[in-house]
Amino acid sequence: MSLGCVLSEEEARELRRRLADWGFINKQPPRIREALKYYVEKGDLYVAARIAGLTVEEFNELRVRAGIPNVA
Amino acid sequence: MLRRVFAVADTCFLIDWARFRRRDLLFRLFKTVFVPEDVLNEVRSEGTIAWISSALSRDYLALYTPSQDEVNEARQLIEESRLRPQIPSVDLPETICLVIGRRRGYVVLTENRGALLIPRYVSKYSGVTVWRSLEVILAAILEGVIKVDCSRPDEVFNEYSRDTLHIFPTKALSKAVEEVRRKCLGK
Amino acid sequence: MLGEVEPQITEEEREARELRRRLADWGFINKQPPRIREALKYYVEKGDIRRAARLAGLTIEEFRELLRNAKIPVIV
């Protein structure tokens, strides 16, 4: 059963940008910071994890700490 | 010059290219430049990572996850290169790029001398197109991506050298500059 | 065919080595700890960045930055 209401990519990106804790993000070391910024823009967990040099699970935890929603 | 659609870049190329003032011209030459995961793992400096992740988010760069088969071939290529003393050291990031170049027809972007020599010495890779920054800049000029000052045909190459502390070999640079002069004369 | 290619490579490599020797900041190089110093000297002679980085115990990017600090050009 479809619940409808699928966000467009642009809407998802706007939501991630708005809800992200930029104070937390900007305090991170360069690789982590860039990976979080990438995730905000693209929502691609795998690539973001690779940029950060973390496993997907580790990056996902970081994403949560950074307040960035996983917008499906 | 043939229009190439895709390229794959290794560490040696990216860490210098990222310092070039005209680095984004790369994305006007190729539809997508792929970056193997092993290459991304080697990049550490803030400036380079920032440029790469920005380009990833704009879809100019894309991450390439090699298959186990490709990794195995890349390891075999390392072994083969060790049997040839004329070839300087190459590691997995370079050989993965060469394997991708062979299998997928991507232009391989590298500044690693070993990677440049492999197509000459290992016949299986003789068809792989390998470009240094020299060839990338030349292609950009010849395809009109960079407007060149015809009174100073070597200027863009010099810019690259200054930005990166990278010198092009005299003969190769002369040939490239000559091609630029010919373009300027409309030949 | 191989015979035609090799002399050009050797000449190119010779030119590159001479340039690296001439442009290197030997004052900087000689002040480095032994491992780094030897790796830089190796690179000046051989131009093999992967091996030199390994000798230095550095990542390739770290070693590349070291080359800049030592004013040793990459010649490719």
# chains A, B, ... in the order shown; residues from 1 in each chain; ligands from 1
$ closest_atom_pairs --of "chain B" --to "chain A" --cutoff "6 Å" --atoms "only C-alpha atoms" --output "CSV"
residue,atom,partner,partner_atom,distance
B:Glu46,CA,A:Pro30,CA,5.4
B:Ala50,CA,A:Glu34,CA,5.9
B:Ser57,CA,A:Tyr38,CA,5.9
$ closest_residue --among "B:Leu92, B:Ala140, B:Cys97, B:Ile167" --to "B:Val35" --atoms "only C-alpha atoms"
B:Cys97
$ residues_around --residues "C:Arg17" --least-positions-apart "3" --cutoff "9 Å" --atoms "only C-alpha atoms" --output "list in words"
Glu12, Glu13, Arg14, Arg20, Arg21, Arg22, Val44, Glu45, Lys46, Gly47 and Ile75 of chain C
$ write_last_selection --atoms "N, CA and C atoms" --output "PDB file, in the first residue's frame"
ATOM      1  N   GLU C  12      64.804  11.377 -21.300  1.00  0.00           N
ATOM      2  CA  GLU C  12      63.796  12.144 -20.558  1.00  0.00           C
ATOM      3  C   GLU C  12      64.028  12.005 -19.067  1.00  0.00           C
ATOM      4  N   GLU C  13      64.322  10.778 -18.653  1.00  0.00           N
ATOM      5  CA  GLU C  13      64.551  10.516 -17.231  1.00  0.00           C
ATOM      6  C   GLU C  13      65.816  11.241 -16.774  1.00  0.00           C
ATOM      7  N   ARG C  14      66.825  11.263 -17.628  1.00  0.00           N
ATOM      8  CA  ARG C  14      68.079  11.958 -17.281  1.00  0.00           C
ATOM      9  C   ARG C  14      67.831  13.440 -17.096  1.00  0.00           C
ATOM     10  N   ARG C  20      65.601  17.852 -11.070  1.00  0.00           N
ATOM     11  CA  ARG C  20      65.256  17.650  -9.657  1.00  0.00           C
ATOM     12  C   ARG C  20      66.462  17.962  -8.777  1.00  0.00           C
ATOM     13  N   ARG C  21      67.638  17.491  -9.214  1.00  0.00           N
ATOM     14  CA  ARG C  21      68.862  17.752  -8.432  1.00  0.00           C
ATOM     15  C   ARG C  21      69.117  19.250  -8.310  1.00  0.00           C
ATOM     16  N   ARG C  22      68.934  19.944  -9.436  1.00  0.00           N
ATOM     17  CA  ARG C  22      69.275  21.371  -9.479  1.00  0.00           C
ATOM     18  C   ARG C  22      68.282  22.219  -8.685  1.00  0.00           C
ATOM     19  N   VAL C  44      64.661  12.336  -5.611  1.00  0.00           N
ATOM     20  CA  VAL C  44      65.442  13.187  -6.521  1.00  0.00           C
ATOM     21  C   VAL C  44      66.135  12.329  -7.581  1.00  0.00           C
ATOM     22  N   GLU C  45      66.676  11.199  -7.137  1.00  0.00           N
ATOM     23  CA  GLU C  45      67.415  10.341  -8.074  1.00  0.00           C
ATOM     24  C   GLU C  45      66.505   9.540  -8.994  1.00  0.00           C
ATOM     25  N   LYS C  46      65.406   9.045  -8.442  1.00  0.00           N
ATOM     26  CA  LYS C  46      64.617   8.057  -9.193  1.00  0.00           C
ATOM     27  C   LYS C  46      63.270   8.564  -9.701  1.00  0.00           C
ATOM     28  N   GLY C  47      62.719   9.575  -9.087  1.00  0.00           N
ATOM     29  CA  GLY C  47      61.421  10.100  -9.515  1.00  0.00           C
ATOM     30  C   GLY C  47      60.272   9.130  -9.301  1.00  0.00           C
ATOM     31  N   ILE C  75      58.182  15.807 -12.355  1.00  0.00           N
ATOM     32  CA  ILE C  75      58.433  16.045 -13.785  1.00  0.00           C
ATOM     33  C   ILE C  75      57.860  14.869 -14.570  1.00  0.00           C
TER      34      ILE C  75
END
$ interface_residues --of "chain C" --to "chain B" --cutoff "7 Å" --atoms "only C-alpha atoms" --output "number ranges by chain"
C: 12, 48, 50-51, 61, 68, 73-76
$ closest_residue --among "A:Val64, A:Ala49, A:Val56, A:Val71" --to "A:Val6" --atoms "only C-alpha atoms"
A:Val71
$ select_by_dssp --residues "stretch 46-187 of chain B" --states "strand (DSSP E or B)" --output "PyMOL selection string"
chain B and resi 61-64+107-109+130-131+166-167
$ write_last_selection --atoms "N, CA and C atoms" --output "tab-separated table (two decimals), in the first residue's frame"
chain	number	residue	atom	x	y	z
B	61	LEU	N	32.08	14.52	-10.64
B	61	LEU	CA	32.84	13.32	-10.28
B	61	LEU	C	31.85	12.27	-9.81
B	62	ALA	N	32.24	11.01	-9.95
B	62	ALA	CA	31.41	9.92	-9.43
B	62	ALA	C	32.34	8.88	-8.82
B	63	LEU	N	31.87	8.30	-7.73
B	63	LEU	CA	32.66	7.27	-7.07
B	63	LEU	C	32.57	5.97	-7.87
B	64	TYR	N	33.68	5.28	-8.00
B	64	TYR	CA	33.69	4.00	-8.72
B	64	TYR	C	34.06	2.91	-7.73
B	107	VAL	N	39.27	7.25	-20.34
B	107	VAL	CA	40.60	7.85	-20.36
B	107	VAL	C	41.15	7.80	-18.93
B	108	VAL	N	42.37	7.33	-18.79
B	108	VAL	CA	42.99	7.25	-17.46
B	108	VAL	C	43.78	8.53	-17.22
B	109	LEU	N	43.51	9.18	-16.12
B	109	LEU	CA	44.21	10.43	-15.77
B	109	LEU	C	45.19	10.11	-14.64
B	130	VAL	N	46.03	7.03	-21.82
B	130	VAL	CA	46.48	7.57	-20.54
B	130	VAL	C	46.90	9.01	-20.75
B	131	TRP	N	46.32	9.89	-19.99
B	131	TRP	CA	46.63	11.31	-20.09
B	131	TRP	C	47.24	11.83	-18.79
B	166	HIS	N	54.93	21.38	-10.72
B	166	HIS	CA	54.98	20.23	-11.61
B	166	HIS	C	55.57	20.75	-12.91
B	167	ILE	N	56.63	20.12	-13.36
B	167	ILE	CA	57.28	20.56	-14.61
B	167	ILE	C	57.00	19.52	-15.69
$ residues_around --residues "B:Arg21" --least-positions-apart "3" --cutoff "8 Å" --atoms "only C-alpha atoms" --output "ChimeraX atom specification"
/B:159-160,163
$ select_by_dssp --residues "stretch 94-185 of chain B" --states "alpha helix (DSSP H)" --output "PyMOL selection string"
chain B and resi 94-104+113-121+133-142+155-164+170-184
$ write_last_selection --atoms "C-alpha atoms" --output "mmCIF file, in the first residue's frame"
data_model
loop_
_atom_site.group_PDB
_atom_site.id
_atom_site.type_symbol
_atom_site.label_atom_id
_atom_site.label_comp_id
_atom_site.auth_asym_id
_atom_site.auth_seq_id
_atom_site.Cartn_x
_atom_site.Cartn_y
_atom_site.Cartn_z
ATOM 1 C CA GLU B 94 46.896 3.315 -10.316
ATOM 2 C CA THR B 95 46.369 -0.216 -11.573
ATOM 3 C CA ILE B 96 42.664 -0.140 -10.811
ATOM 4 C CA CYS B 97 42.433 2.943 -13.030
ATOM 5 C CA LEU B 98 44.289 1.164 -15.821
ATOM 6 C CA VAL B 99 42.016 -1.866 -15.532
ATOM 7 C CA ILE B 100 38.950 0.387 -15.679
ATOM 8 C CA GLY B 101 40.479 2.148 -18.654
ATOM 9 C CA ARG B 102 40.986 -1.150 -20.428
ATOM 10 C CA ARG B 103 37.600 -2.667 -19.589
ATOM 11 C CA ARG B 104 35.420 0.393 -19.959
ATOM 12 C CA ARG B 113 55.205 7.557 -14.430
ATOM 13 C CA GLY B 114 54.719 3.831 -13.925
ATOM 14 C CA ALA B 115 51.080 4.076 -14.934
ATOM 15 C CA LEU B 116 52.097 6.110 -18.005
ATOM 16 C CA LEU B 117 54.585 3.469 -19.079
ATOM 17 C CA ILE B 118 52.412 0.398 -18.590
ATOM 18 C CA PRO B 119 50.596 0.699 -21.950
ATOM 19 C CA ARG B 120 54.029 0.716 -23.644
ATOM 20 C CA TYR B 121 55.345 -2.356 -21.847
ATOM 21 C CA SER B 133 47.674 17.001 -16.944
ATOM 22 C CA LEU B 134 49.641 18.019 -20.057
ATOM 23 C CA GLU B 135 47.250 16.171 -22.347
ATOM 24 C CA VAL B 136 44.227 17.380 -20.401
ATOM 25 C CA ILE B 137 45.284 21.025 -20.738
ATOM 26 C CA LEU B 138 46.125 20.548 -24.408
ATOM 27 C CA ALA B 139 42.741 18.952 -25.095
ATOM 28 C CA ALA B 140 41.030 21.817 -23.278
ATOM 29 C CA ILE B 141 42.835 24.336 -25.477
ATOM 30 C CA LEU B 142 42.254 22.476 -28.735
ATOM 31 C CA GLU B 155 50.997 30.263 -20.704
ATOM 32 C CA VAL B 156 48.339 27.826 -19.437
ATOM 33 C CA PHE B 157 50.931 25.060 -19.107
ATOM 34 C CA ASN B 158 53.088 27.488 -17.112
ATOM 35 C CA GLU B 159 50.138 28.358 -14.879
ATOM 36 C CA TYR B 160 49.744 24.681 -14.057
ATOM 37 C CA SER B 161 53.439 24.342 -13.313
ATOM 38 C CA ARG B 162 53.391 27.340 -10.994
ATOM 39 C CA ASP B 163 50.253 26.248 -9.149
ATOM 40 C CA THR B 164 51.427 22.683 -8.558
ATOM 41 C CA THR B 170 60.796 19.619 -22.455
ATOM 42 C CA LYS B 171 60.034 17.532 -25.551
ATOM 43 C CA ALA B 172 56.471 16.760 -24.550
ATOM 44 C CA LEU B 173 55.807 20.393 -23.685
ATOM 45 C CA SER B 174 57.323 21.617 -26.965
ATOM 46 C CA LYS B 175 55.073 19.286 -28.923
ATOM 47 C CA ALA B 176 52.026 20.455 -27.012
ATOM 48 C CA VAL B 177 52.904 24.129 -27.475
ATOM 49 C CA GLU B 178 53.453 23.498 -31.188
ATOM 50 C CA GLU B 179 49.951 22.059 -31.451
ATOM 51 C CA VAL B 180 48.598 25.156 -29.744
ATOM 52 C CA ARG B 181 50.481 27.369 -32.217
ATOM 53 C CA ARG B 182 49.009 25.408 -35.114
ATOM 54 C CA LYS B 183 45.527 25.907 -33.708
ATOM 55 C CA CYS B 184 46.239 29.613 -33.382
#
$ residues_around --residues "C:Ala70" --least-positions-apart "4" --cutoff "12 Å" --atoms "only C-alpha atoms" --output "PyMOL selection string"
(chain B and resi 165) or (chain C and resi 20-32+36-37+39-41+43-44+63-66+74)
$ residues_around --residues "B:Phe27" --least-positions-apart "2" --cutoff "12 Å" --atoms "only C-alpha atoms" --output "NGL selection string"
:B and (4-7 or 22-25 or 29-34 or 52 or 55-56 or 58-62 or 136 or 140 or 145)
$ atom_distance --atom1 "atom CA of A:Gly23" --atom2 "atom CA of A:Pro69"
15.8 Å
$ closest_residue --among "C:Asn69, C:Ala16, C:Thr10, C:Glu38" --to "C:Arg54" --atoms "only C-alpha atoms"
C:Glu38
$ decode --residues "stretch 28-69 of chain C" --atoms "N, CA and C atoms" --output "mmCIF file, in the first residue's frame"
data_model
loop_
_atom_site.group_PDB
_atom_site.id
_atom_site.type_symbol
_atom_site.label_atom_id
_atom_site.label_comp_id
_atom_site.auth_asym_id
_atom_site.auth_seq_id
_atom_site.Cartn_x
_atom_site.Cartn_y
_atom_site.Cartn_z
ATOM 1 N N PHE C 28 66.920 22.407 3.027
ATOM 2 C CA PHE C 28 65.719 21.830 3.638
ATOM 3 C C PHE C 28 65.862 20.316 3.769
ATOM 4 N N ILE C 29 66.320 19.685 2.690
ATOM 5 C CA ILE C 29 66.410 18.220 2.670
ATOM 6 C C ILE C 29 67.351 17.723 3.766
ATOM 7 N N ASN C 30 68.497 18.381 3.882
ATOM 8 C CA ASN C 30 69.507 17.897 4.837
ATOM 9 C C ASN C 30 69.128 18.129 6.296
ATOM 10 N N LYS C 31 68.111 18.975 6.491
ATOM 11 C CA LYS C 31 67.643 19.209 7.875
ATOM 12 C C LYS C 31 66.586 18.205 8.308
ATOM 13 N N GLN C 32 66.132 17.355 7.402
ATOM 14 C CA GLN C 32 65.040 16.435 7.724
ATOM 15 C C GLN C 32 65.522 15.234 8.535
ATOM 16 N N PRO C 33 64.634 14.602 9.286
ATOM 17 C CA PRO C 33 65.003 13.348 9.965
ATOM 18 C C PRO C 33 65.434 12.309 8.934
ATOM 19 N N PRO C 34 66.230 11.344 9.337
ATOM 20 C CA PRO C 34 66.884 10.433 8.381
ATOM 21 C C PRO C 34 65.942 9.778 7.368
ATOM 22 N N ARG C 35 64.830 9.265 7.876
ATOM 23 C CA ARG C 35 63.927 8.538 6.978
ATOM 24 C C ARG C 35 63.385 9.458 5.873
ATOM 25 N N ILE C 36 62.986 10.635 6.272
ATOM 26 C CA ILE C 36 62.435 11.608 5.313
ATOM 27 C C ILE C 36 63.531 12.067 4.357
ATOM 28 N N ARG C 37 64.718 12.323 4.919
ATOM 29 C CA ARG C 37 65.831 12.808 4.108
ATOM 30 C C ARG C 37 66.183 11.784 3.029
ATOM 31 N N GLU C 38 66.269 10.533 3.432
ATOM 32 C CA GLU C 38 66.654 9.494 2.473
ATOM 33 C C GLU C 38 65.574 9.300 1.416
ATOM 34 N N ALA C 39 64.341 9.427 1.832
ATOM 35 C CA ALA C 39 63.232 9.283 0.880
ATOM 36 C C ALA C 39 63.264 10.417 -0.148
ATOM 37 N N LEU C 40 63.554 11.619 0.319
ATOM 38 C CA LEU C 40 63.638 12.763 -0.602
ATOM 39 C C LEU C 40 64.807 12.576 -1.562
ATOM 40 N N LYS C 41 65.927 12.130 -1.035
ATOM 41 C CA LYS C 41 67.094 11.907 -1.897
ATOM 42 C C LYS C 41 66.797 10.809 -2.915
ATOM 43 N N TYR C 42 66.113 9.781 -2.470
ATOM 44 C CA TYR C 42 65.712 8.710 -3.379
ATOM 45 C C TYR C 42 64.839 9.279 -4.487
ATOM 46 N N TYR C 43 63.890 10.108 -4.095
ATOM 47 C CA TYR C 43 62.978 10.663 -5.103
ATOM 48 C C TYR C 43 63.729 11.543 -6.105
ATOM 49 N N VAL C 44 64.661 12.336 -5.611
ATOM 50 C CA VAL C 44 65.442 13.187 -6.521
ATOM 51 C C VAL C 44 66.135 12.329 -7.581
ATOM 52 N N GLU C 45 66.676 11.199 -7.137
ATOM 53 C CA GLU C 45 67.415 10.341 -8.074
ATOM 54 C C GLU C 45 66.505 9.540 -8.994
ATOM 55 N N LYS C 46 65.406 9.045 -8.442
ATOM 56 C CA LYS C 46 64.617 8.057 -9.193
ATOM 57 C C LYS C 46 63.270 8.564 -9.701
ATOM 58 N N GLY C 47 62.719 9.575 -9.087
ATOM 59 C CA GLY C 47 61.421 10.100 -9.515
ATOM 60 C C GLY C 47 60.272 9.130 -9.301
ATOM 61 N N ASP C 48 60.461 8.181 -8.394
ATOM 62 C CA ASP C 48 59.424 7.161 -8.138
ATOM 63 C C ASP C 48 58.686 7.560 -6.866
ATOM 64 N N ILE C 49 57.531 8.189 -7.043
ATOM 65 C CA ILE C 49 56.855 8.794 -5.886
ATOM 66 C C ILE C 49 56.273 7.750 -4.937
ATOM 67 N N ARG C 50 55.776 6.651 -5.490
ATOM 68 C CA ARG C 50 55.171 5.619 -4.631
ATOM 69 C C ARG C 50 56.223 5.029 -3.701
ATOM 70 N N ARG C 51 57.341 4.651 -4.278
ATOM 71 C CA ARG C 51 58.385 4.022 -3.476
ATOM 72 C C ARG C 51 58.948 5.019 -2.467
ATOM 73 N N ALA C 52 59.137 6.240 -2.902
ATOM 74 C CA ALA C 52 59.690 7.262 -2.009
ATOM 75 C C ALA C 52 58.750 7.534 -0.832
ATOM 76 N N ALA C 53 57.452 7.584 -1.123
ATOM 77 C CA ALA C 53 56.469 7.823 -0.055
ATOM 78 C C ALA C 53 56.520 6.685 0.963
ATOM 79 N N ARG C 54 56.657 5.480 0.430
ATOM 80 C CA ARG C 54 56.741 4.312 1.321
ATOM 81 C C ARG C 54 57.995 4.361 2.172
ATOM 82 N N LEU C 55 59.089 4.729 1.560
ATOM 83 C CA LEU C 55 60.351 4.865 2.308
ATOM 84 C C LEU C 55 60.198 5.885 3.431
ATOM 85 N N ALA C 56 59.483 6.950 3.127
ATOM 86 C CA ALA C 56 59.307 8.024 4.119
ATOM 87 C C ALA C 56 58.290 7.649 5.188
ATOM 88 N N GLY C 57 57.495 6.612 4.918
ATOM 89 C CA GLY C 57 56.422 6.248 5.846
ATOM 90 C C GLY C 57 55.273 7.242 5.797
ATOM 91 N N LEU C 58 55.070 7.845 4.624
ATOM 92 C CA LEU C 58 54.018 8.849 4.478
ATOM 93 C C LEU C 58 53.002 8.406 3.432
ATOM 94 N N THR C 59 51.822 9.023 3.489
ATOM 95 C CA THR C 59 50.868 8.806 2.397
ATOM 96 C C THR C 59 51.399 9.542 1.170
ATOM 97 N N ILE C 60 50.849 9.203 0.049
ATOM 98 C CA ILE C 60 51.340 9.828 -1.173
ATOM 99 C C ILE C 60 51.057 11.329 -1.170
ATOM 100 N N GLU C 61 49.924 11.709 -0.592
ATOM 101 C CA GLU C 61 49.602 13.133 -0.564
ATOM 102 C C GLU C 61 50.544 13.886 0.379
ATOM 103 N N GLU C 62 50.841 13.279 1.506
ATOM 104 C CA GLU C 62 51.786 13.896 2.452
ATOM 105 C C GLU C 62 53.154 14.043 1.793
ATOM 106 N N PHE C 63 53.565 13.014 1.064
ATOM 107 C CA PHE C 63 54.878 13.067 0.440
ATOM 108 C C PHE C 63 54.908 14.116 -0.655
ATOM 109 N N ARG C 64 53.797 14.245 -1.374
ATOM 110 C CA ARG C 64 53.720 15.256 -2.432
ATOM 111 C C ARG C 64 53.884 16.658 -1.848
ATOM 112 N N GLU C 65 53.271 16.860 -0.696
ATOM 113 C CA GLU C 65 53.387 18.166 -0.025
ATOM 114 C C GLU C 65 54.829 18.397 0.423
ATOM 115 N N LEU C 66 55.459 17.331 0.888
ATOM 116 C CA LEU C 66 56.868 17.398 1.291
ATOM 117 C C LEU C 66 57.747 17.790 0.102
ATOM 118 N N LEU C 67 57.450 17.224 -1.056
ATOM 119 C CA LEU C 67 58.212 17.568 -2.262
ATOM 120 C C LEU C 67 58.105 19.062 -2.549
ATOM 121 N N ARG C 68 56.901 19.601 -2.362
ATOM 122 C CA ARG C 68 56.734 21.047 -2.597
ATOM 123 C C ARG C 68 57.571 21.837 -1.603
ATOM 124 N N ASN C 69 57.525 21.413 -0.347
ATOM 125 C CA ASN C 69 58.312 22.126 0.676
ATOM 126 C C ASN C 69 59.806 22.043 0.371
#
